[in-house]
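Peer 1: Hey, dropping query.pdb in here, PDB, C-alpha atoms:
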```
MODEL        1
ATOM      1  CA  MET A 104     -16.906 -16.756  31.366
ATOM      2  CA  LEU A 105     -14.433 -14.090  30.220
ATOM      3  CA  GLU A 106     -11.932 -15.313  32.827
ATOM      4  CA  THR A 107     -12.245 -18.892  31.497
ATOM      5  CA  ILE A 108     -11.498 -17.548  28.018
ATOM      6  CA  ARG A 109      -8.497 -15.555  29.236
ATOM      7  CA  THR A 110      -7.140 -18.636  31.003
ATOM      8  CA  LEU A 111      -7.520 -20.723  27.847
ATOM      9  CA  VAL A 112      -5.747 -18.057  25.770
ATOM     10  CA  ARG A 113      -2.878 -17.859  28.285
ATOM     11  CA  GLU A 114      -2.470 -21.634  28.658
ATOM     12  CA  LYS A 115      -2.336 -22.353  24.925
ATOM     13  CA  ASP A 116       0.127 -21.055  22.353
ATOM     14  CA  THR A 117      -1.068 -22.473  19.033
ATOM     15  CA  CYS A 118      -4.187 -21.822  17.024
ATOM     16  CA  VAL A 119      -5.616 -22.018  13.539
ATOM     17  CA  MET A 120      -5.796 -18.637  11.814
ATOM     18  CA  ALA A 121      -8.383 -18.175   9.059
ATOM     19  CA  THR A 122      -8.068 -15.384   6.507
ATOM     20  CA  CYS A 123      -9.886 -14.750   3.235
ATOM     21  CA  GLU A 124      -8.788 -14.062  -0.320
ATOM     22  CA  GLY A 125     -11.947 -12.798  -1.939
ATOM     23  CA  ASP A 126     -14.472 -15.452  -0.967
ATOM     24  CA  LEU A 127     -11.888 -18.241  -0.558
ATOM     25  CA  PRO A 128     -10.863 -19.125   3.006
ATOM     26  CA  HIS A 129      -7.245 -19.883   3.898
ATOM     27  CA  THR A 130      -6.123 -21.450   7.192
ATOM     28  CA  SER A 131      -2.716 -21.541   8.861
ATOM     29  CA  LEU A 132      -1.486 -23.293  11.982
ATOM     30  CA  MET A 133       0.176 -20.553  14.040
ATOM     31  CA  THR A 134       2.106 -20.083  17.269
ATOM     32  CA  TYR A 135       0.965 -17.026  19.210
ATOM     33  CA  THR A 136       1.515 -14.894  22.241
ATOM     34  CA  ALA A 137      -1.220 -12.765  23.763
ATOM     35  CA  GLU A 138      -1.582  -9.831  26.085
ATOM     36  CA  GLU A 139      -2.461 -10.773  29.670
ATOM     37  CA  ASP A 140      -6.077  -9.648  29.117
ATOM     38  CA  GLY A 141      -6.423 -12.112  26.207
ATOM     39  CA  LEU A 142      -7.677  -9.438  23.817
ATOM     40  CA  THR A 143      -4.608  -8.887  21.612
ATOM     41  CA  PHE A 144      -2.705 -11.691  19.864
ATOM     42  CA  TYR A 145       0.725 -11.644  18.192
ATOM     43  CA  PHE A 146       2.088 -13.951  15.491
ATOM     44  CA  LEU A 147       5.301 -14.241  13.491
ATOM     45  CA  SER A 148       5.092 -14.584   9.724
ATOM     46  CA  ARG A 149       7.169 -14.022   6.656
ATOM     47  CA  MET A 150       5.862 -10.963   4.821
ATOM     48  CA  ASN A 151       5.417 -12.682   1.445
ATOM     49  CA  THR A 152       2.825 -15.269   2.515
ATOM     50  CA  ARG A 153      -0.751 -15.792   1.453
ATOM     51  CA  LYS A 154      -2.043 -15.001   4.954
ATOM     52  CA  VAL A 155      -0.219 -11.644   5.044
ATOM     53  CA  ARG A 156      -1.475 -10.733   1.558
ATOM     54  CA  ASN A 157      -4.977 -11.725   2.648
ATOM     55  CA  LEU A 158      -4.794  -9.662   5.852
ATOM     56  CA  ARG A 159      -3.553  -6.591   4.024
ATOM     57  CA  ALA A 160      -6.480  -6.843   1.591
ATOM     58  CA  ASN A 161      -9.055  -7.846   4.236
ATOM     59  CA  PRO A 162      -8.066  -7.332   7.898
ATOM     60  CA  GLU A 163     -10.871  -9.539   9.244
ATOM     61  CA  VAL A 164      -9.506 -12.730  10.805
ATOM     62  CA  SER A 165     -10.753 -15.695  12.786
ATOM     63  CA  LEU A 166      -8.705 -17.747  15.245
ATOM     64  CA  LEU A 167      -9.512 -21.174  16.670
ATOM     65  CA  ILE A 168      -7.948 -22.265  19.969
ATOM     66  CA  ASP A 169      -9.000 -25.644  21.357
ATOM     67  CA  THR A 170      -8.333 -28.294  23.987
ATOM     68  CA  ARG A 171      -9.019 -31.430  21.942
ATOM     69  CA  GLU A 172      -5.570 -32.920  22.600
ATOM     70  CA  GLU A 173      -6.225 -32.810  26.348
ATOM     71  CA  HIS A 174      -9.277 -35.057  26.161
ATOM     72  CA  LEU A 175      -9.277 -38.734  25.326
ATOM     73  CA  PRO A 176     -12.096 -39.800  23.015
ATOM     74  CA  GLU A 177     -14.303 -40.752  25.971
ATOM     75  CA  LEU A 178     -13.862 -37.256  27.464
ATOM     76  CA  ARG A 179     -14.475 -35.225  24.297
ATOM     77  CA  HIS A 180     -17.641 -33.802  25.849
ATOM     78  CA  LYS A 181     -15.320 -31.663  28.015
ATOM     79  CA  ALA A 182     -13.268 -30.298  25.109
ATOM     80  CA  MET A 183     -13.403 -26.539  24.573
ATOM     81  CA  ALA A 184     -13.118 -24.639  21.296
ATOM     82  CA  LEU A 185     -12.694 -20.877  21.305
ATOM     83  CA  THR A 186     -13.376 -18.898  18.134
ATOM     84  CA  VAL A 187     -11.941 -15.394  18.191
ATOM     85  CA  ALA A 188     -13.214 -12.893  15.633
ATOM     86  CA  GLY A 189     -10.676 -10.122  15.254
ATOM     87  CA  THR A 190      -9.019  -7.461  13.158
ATOM     88  CA  TYR A 191      -5.438  -7.413  11.890
ATOM     89  CA  LEU A 192      -3.375  -4.344  12.787
ATOM     90  CA  PRO A 193       0.001  -3.780  11.054
ATOM     91  CA  PRO A 194       3.026  -2.745  13.149
ATOM     92  CA  ARG A 195       3.067   1.021  13.755
ATOM     93  CA  ASN A 196       6.797   1.458  13.114
ATOM     94  CA  ARG A 197      10.117  -0.388  13.101
ATOM     95  CA  ASP A 198      10.737   0.134  16.841
ATOM     96  CA  ASP A 199       7.322  -1.364  17.604
ATOM     97  CA  LEU A 200       8.084  -4.324  15.319
ATOM     98  CA  LEU A 201      11.431  -5.009  17.021
ATOM     99  CA  ARG A 202       9.925  -4.706  20.517
ATOM    100  CA  LEU A 203       7.122  -7.129  19.625
ATOM    101  CA  LYS A 204       9.585  -9.615  18.061
ATOM    102  CA  GLN A 205      11.669  -9.574  21.251
ATOM    103  CA  ALA A 206       8.606 -10.150  23.421
ATOM    104  CA  PHE A 207       7.468 -12.960  21.120
ATOM    105  CA  THR A 208      10.815 -14.780  21.163
ATOM    106  CA  ALA A 209      11.049 -14.402  24.945
ATOM    107  CA  ARG A 210       7.970 -16.645  25.126
ATOM    108  CA  HIS A 211       9.007 -18.825  22.147
ATOM    109  CA  PRO A 212      12.822 -18.951  22.061
ATOM    110  CA  HIS A 213      12.744 -21.801  19.524
ATOM    111  CA  LEU A 214      11.484 -19.233  16.957
ATOM    112  CA  GLU A 215      14.334 -16.752  17.498
ATOM    113  CA  LYS A 216      16.104 -17.667  14.239
ATOM    114  CA  PHE A 217      12.844 -17.341  12.287
ATOM    115  CA  ALA A 218      12.132 -13.974  13.949
ATOM    116  CA  SER A 219      15.584 -12.644  13.044
ATOM    117  CA  HIS A 220      15.002 -12.890   9.283
ATOM    118  CA  GLY A 221      14.635  -9.474   7.672
ATOM    119  CA  ASP A 222      11.379 -10.458   5.979
ATOM    120  CA  THR A 223       9.709 -11.744   9.166
ATOM    121  CA  THR A 224       7.026  -9.511  10.600
ATOM    122  CA  ILE A 225       4.653  -9.481  13.542
ATOM    123  CA  LEU A 226       0.939  -9.856  12.891
ATOM    124  CA  THR A 227      -1.238  -8.266  15.574
ATOM    125  CA  VAL A 228      -4.877  -9.295  15.917
ATOM    126  CA  LYS A 229      -7.246  -7.381  18.183
ATOM    127  CA  ALA A 230     -10.218  -9.500  19.330
ATOM    128  CA  ARG A 231     -13.766  -8.229  18.660
ATOM    129  CA  SER A 232     -15.684 -11.234  19.972
ATOM    130  CA  PHE A 233     -15.294 -14.668  21.512
ATOM    131  CA  LEU A 234     -17.408 -17.776  21.017
ATOM    132  CA  LEU A 235     -16.547 -20.521  23.506
ATOM    133  CA  LEU A 236     -17.974 -23.979  22.922
ATOM    134  CA  VAL A 237     -17.783 -26.585  25.665
ATOM    135  CA  GLY A 238     -18.603 -30.002  24.279
ATOM    136  CA  VAL A 239     -21.132 -29.922  21.471
ATOM    137  CA  GLU A 240     -23.987 -28.009  23.103
ATOM    138  CA  GLU A 241     -22.779 -25.455  25.652
ATOM    139  CA  GLN A 242     -21.850 -22.113  24.123
ATOM    140  CA  HIS A 243     -20.941 -18.674  25.393
ATOM    141  CA  PHE A 244     -20.659 -15.585  23.201
ATOM    142  CA  ILE A 245     -18.981 -12.338  24.235
ATOM    143  CA  ASP A 246     -19.247  -9.246  22.049
ATOM    144  CA  LEU A 247     -16.265  -7.153  23.122
ATOM    145  CA  GLU A 248     -17.320  -4.082  21.136
ATOM    146  CA  ASN A 249     -20.577  -3.816  23.092
ATOM    147  CA  PHE A 250     -19.348  -6.013  25.974
ATOM    148  CA  SER A 251     -22.265  -8.344  26.333
ATOM    149  CA  GLU A 252     -22.127 -11.984  27.292
ATOM    150  CA  LYS A 253     -24.689 -14.570  26.133
ATOM    151  CA  SER A 254     -24.890 -18.254  27.021
ATOM    152  CA  ALA A 255     -26.902 -21.009  25.439
TER     153      ALA A 255
ENDMDL
END
```
Transcribe the structure of this file into structure tokens.
Peer 2:
Amino acid sequence: MLETIRTLVREKDTCVMATCEGDLPHTSLMTYTAEEDGLTFYFLSRMNTRKVRNLRANPEVSLLIDTREEHLPELRHKAMALTVAGTYLPPRNRDDLLRLKQAFTARHPHLEKFASHGDTTILTVKARSFLLLVGVEEQHFIDLENFSEKSA
């Protein structure tokens, strides 16, 4: 199942990112790139946004990647939704930030102007677990910290 998840992560490039401010959730539609193994995700954001403030205060994050647009209403039972539980990691230094911005814009050249702003940063999220739902009943959970895979 991990290979199915990696394929989904590689084939898609948008997700919903959920962060928290205290006990209030906040969601953002985001474009991403990911490492080939599907375990580390990168996003562009302006530094003075609610999501960045939330991540700095609470680095726990959830991502939702799905295939709903690929399935007509009569095929929704084949739609997949992947929930990624992860942790935000700030850039280590300026060189790292610039390298990650270049890699990001190589995949998403339409965001080059946005990336070039001085107050644009890279958000890195390291996955801790995956929950893949296929249709409404089939589910697969992978705990990456203890690397176990459970299906229901």
Peer 1: Which residue, A:Lys216, A:Arg149, A:Lys229, A:Arg156, has the smallest gap to Leu192 in chain A when you use all atoms listed in the file?
Peer 2: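 Of the candidates, the smallest distance to Leu192 in chain A is held by A:Lys229.
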Peer 1: Taking the file as shown, what set of residues would the PyMOL selection byres ((chain A and resi 206-210) around 9) give back, as a PyMOL selection string?
Peer 2: chain A and resi 135-136+145-147+201-205+211-215+218+225
Peer 1: So what does the PyMOL selection byres ((chain A and resi 168) around 8) actually pick up in this one, as a PyMOL selection string?
Peer 2: chain A and resi 112+115+117-119+166-167+169-170+184-186
Peer 1: What is the CA of Glu124 in chain A-CA of Gly189 in chain A distance in Å, reported with one decimal?
Peer 2: 16.2 Å
Peer 1: Between CA of Asn157 in chain A and CA of Val228 in chain A, what is the distance, to one decimal in Å?
Peer 2: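 Atom-to-atom, CA of Asn157 in chain A to CA of Val228 in chain A, that is 13.5 Å.
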Peer 1: Pick the closest to Arg171 in chain A from A:Ala137, A:Ala188, A:Val237, A:Leu142: which is it, counting all atoms listed in the file?
Peer 2: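 Nearest candidate to Arg171 in chain A out of A:Ala137, A:Ala188, A:Val237, A:Leu142: A:Val237.
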Peer 1: List, as a list in words, every residue that the PyMOL selection byres ((chain A and resi 231) around 12) selects in the file provided.
Peer 2: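 For this structure, the PyMOL selection byres ((chain A and resi 231) around 12) captures Gly141, Leu142, Thr143, Phe144, Glu163, Val164, Ser165, Leu166, Thr186, Val187, Ala188, Gly189, Thr190, Tyr191, Val228, Lys229, Ala230, Ser232, Phe233, Leu234, Phe244, Ile245, Asp246, Leu247, Glu248, Asn249, Phe250 and Ser251 of chain A.
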Peer 1: Kindly give the distance, in Å, that separates CA of Thr107 in chain A and CA of Leu226 in chain A, rounded to a single decimal.
Peer 2: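 Between CA of Thr107 in chain A and CA of Leu226 in chain A the gap works out to 24.5 Å.
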Peer 1: Using all atoms listed in the file, find the one residue out of A:Arg197, A:His220, A:His243, A:His129 that sits nearest to Arg153 in chain A.
Peer 2: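 When distances to Arg153 in chain A are compared using all atoms listed in the file, the smallest one comes from A:His129.
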Peer 1: If you take every atom of range 115-128 of chain A that the file lists and fit an axis-aligned box around them with 3 Å extra on each side, what centre and edge lengths come out in Å to one decimal, as JSON?
Peer 2:
```
{"center_x": -7.2, "center_y": -17.6, "center_z": 11.5, "size_x": 20.6, "size_y": 15.7, "size_z": 32.9}
```
Peer 1: Considering all atoms listed in the file, state which residue in the set A:His180, A:Asp140, A:Pro162, A:Thr134 is at the smallest distance from Thr110 in chain A.
Peer 2: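 Ranked by minimum distance to Thr110 in chain A, first place goes to A:Asp140.
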Peer 1: With only C-alpha atoms as the atoms that count, which of A:Leu236, A:Val155, A:Met183, A:Met150 lies nearest to Thr122 in chain A?
Peer 2: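 Among the listed residues, A:Val155 lies closest to Thr122 in chain A.
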